[in-house]
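Q: There's a structure below that I have some questions on.
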Amino acid sequence: MKLVVAVSGASGAPYAKRLLDFLSTEGAKHGVEADLIFTATGKQVWMQEIGAEPRYPFRVWKNHDFTAPFASGSAPYDGMCVVPCSAGQLARIAYGLSVDLVGRAADVMLKEKRRLVLCLRETPLSLVHARAITAVIEAGAIVMPASPSFYSAPKDMGELVDTVVARLLDRLGLPNELMRRWEGLAPRGKEPVEDA
Ligand SMILES: Cc1cc2nc3c(=O)[nH]c(=O)nc-3n(C[C@H](O)[C@H](O)[C@H](O)COP(=O)(O)O)c2cc1C
């Protein structure tokens, strides 16, 4: 599987880090190849939130370099995710503004009917955001808000982050065991016994 991973300038670099950690270890074992792009603000926010340069064995592209293979639909890529995805980036994708490599790569994914997952991080949402979200969903993208879940009882921030990244990997078609999956409520009379 060949993927494009883009990191834009929304809060949420830990989601991107966890995804890249997974792709460079488990993903690589299963033949996943990734190309990586940071927007200028994406890199800035990463440094603020992670505090260290991202170092991964992937091809890293400058966001103004349109010579990247995935800037053309003729290159065989399977999908792309933008994580985290800023509201601005989502709007540019929604309206086809291929002014940077992230936008162009996303535009290619949509026109070629390939998988595009946008891990949006913004709150609250304005009507402008809601309209752009509607437009990208209508065009075939998956909008996956970076909103963690609690039913798997995450014990720390890493496990909380995994509740988002696990679902992101699901949508990219990559099997993973990053979180405990919901298996329904325990049958009546068989509830787990609380510790004394
Ligand atoms: C520390 C920091 C956090 C930010 N968090 C968000 C955010 O959560 N969501 C968002 O849409 N924009 C956020 N922004 C604003 C974006 O970085 C800004 O709109 C930028 O133009 C996005 O550029 P890009 O889409 O090219 O990455 C943040 C900026 C900074 C500096």
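How things are named: the first chain in the structure tokens is A, the next is B, and so on; residues count from 1 in each chain; ligands count from 1 in the order shown.
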Can you pull out the residues contacting Val45 of chain A? Cut-off 10 Å, using only C-alpha atoms, and skip same-chain residues under 2 positions away; I want them as a PyMOL selection string.
A: chain A and resi 7-13+39-43+47-51
Q: Report the residues of segment 106-194 of chain A whose backbone DSSP state falls under alpha helix (DSSP H), written as an NGL selection string.
A: :A and (106-111 or 127-138 or 157-172)
Q: Would you please work out which residue, of A:Gly88, A:Gly79, A:Pro14, A:Pro54, is nearest to ligand 1 when using only C-alpha atoms and all ligand atoms?
A: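 Counting only C-alpha atoms and all ligand atoms, the residue closest to ligand 1 is A:Gly88.
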Q: Measuring between only C-alpha atoms, which one of A:Arg180, A:Arg121, A:Arg131, A:Arg171 shows the shortest distance to Lys155 of chain A?
A: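 Comparing A:Arg180, A:Arg121, A:Arg131, A:Arg171 against Lys155 of chain A, the winner is A:Arg180.
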Q: Which one is closest to Met144 of chain A: A:Ala71, A:Val102, A:Ile93, A:Leu168? Count only C-alpha atoms.
A: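 Once distances to Met144 of chain A are computed over only C-alpha atoms, the minimum belongs to A:Leu168.
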Q: So which one's closest to Gly158 of chain A, A:Arg18, A:Val4, A:Ala141, A:Ala146? Using only C-alpha atoms, please.
A: A:Arg18
Q: Just to confirm, what's the straight-line distance from atom CA of Lys2 of chain A to atom CA of Ala34 of chain A in Å (one decimal)?
A: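 Rounded to one decimal, the two atoms are 5.8 Å apart.
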Q: Do you know which residues are at most 12 Å from Ala28 of chain A counting only C-alpha atoms, after dropping those on the same chain fewer than 6 positions away, and could you put them as a PDB file with N, CA and C atoms, in the first residue's frame?
A:
```pdb
ATOM      1  N   MET A   1       0.838  -1.200   0.000  1.00  0.00           N
ATOM      2  CA  MET A   1       0.000   0.000   0.000  1.00  0.00           C
ATOM      3  C   MET A   1       0.877   1.257   0.000  1.00  0.00           C
ATOM      4  N   LYS A   2       0.518   2.217  -0.839  1.00  0.00           N
ATOM      5  CA  LYS A   2       1.276   3.483  -0.886  1.00  0.00           C
ATOM      6  C   LYS A   2       0.380   4.624  -0.419  1.00  0.00           C
ATOM      7  N   LEU A   3       0.866   5.324   0.585  1.00  0.00           N
ATOM      8  CA  LEU A   3       0.071   6.375   1.208  1.00  0.00           C
ATOM      9  C   LEU A   3       0.798   7.710   1.190  1.00  0.00           C
ATOM     10  N   LEU A  20       2.608   8.035  12.343  1.00  0.00           N
ATOM     11  CA  LEU A  20       3.897   7.836  11.671  1.00  0.00           C
ATOM     12  C   LEU A  20       4.710   6.762  12.383  1.00  0.00           C
ATOM     13  N   ASP A  21       4.645   6.732  13.732  1.00  0.00           N
ATOM     14  CA  ASP A  21       5.327   5.664  14.480  1.00  0.00           C
ATOM     15  C   ASP A  21       4.791   4.305  14.029  1.00  0.00           C
ATOM     16  N   PHE A  22       3.473   4.209  13.912  1.00  0.00           N
ATOM     17  CA  PHE A  22       2.849   2.933  13.516  1.00  0.00           C
ATOM     18  C   PHE A  22       3.253   2.558  12.088  1.00  0.00           C
ATOM     19  N   ALA A  34       5.145   5.159   2.691  1.00  0.00           N
ATOM     20  CA  ALA A  34       4.499   6.463   2.908  1.00  0.00           C
ATOM     21  C   ALA A  34       5.374   7.592   2.372  1.00  0.00           C
ATOM     22  N   TYR A  56      11.651  10.097  10.265  1.00  0.00           N
ATOM     23  CA  TYR A  56      11.017   8.851   9.818  1.00  0.00           C
ATOM     24  C   TYR A  56      11.662   8.404   8.516  1.00  0.00           C
ATOM     25  N   PRO A  57      11.632   7.099   8.258  1.00  0.00           N
ATOM     26  CA  PRO A  57      12.285   6.590   7.047  1.00  0.00           C
ATOM     27  C   PRO A  57      11.383   6.737   5.817  1.00  0.00           C
ATOM     28  N   PHE A  58      10.704   7.862   5.709  1.00  0.00           N
ATOM     29  CA  PHE A  58       9.805   8.086   4.578  1.00  0.00           C
ATOM     30  C   PHE A  58      10.389   9.166   3.686  1.00  0.00           C
ATOM     31  N   LEU A 174      -5.942  -0.305   7.354  1.00  0.00           N
ATOM     32  CA  LEU A 174      -4.773  -0.925   7.979  1.00  0.00           C
ATOM     33  C   LEU A 174      -5.176  -1.558   9.315  1.00  0.00           C
TER      34      LEU A 174
END
```
Q: From the list A:Val99, A:Leu116, A:Val108, A:Val82, which residue is nearest Gly173 of chain A when using only C-alpha atoms?
A: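 Of the candidates, the smallest distance to Gly173 of chain A is held by A:Leu116.
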Q: In Å, rounded to a single decimal, give me how far atom 28 (C, counted along the ligand's line) of ligand 1 is from atom CA of Asp156 of chain A.
A: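 Interatomic distance here is 23.9 Å.
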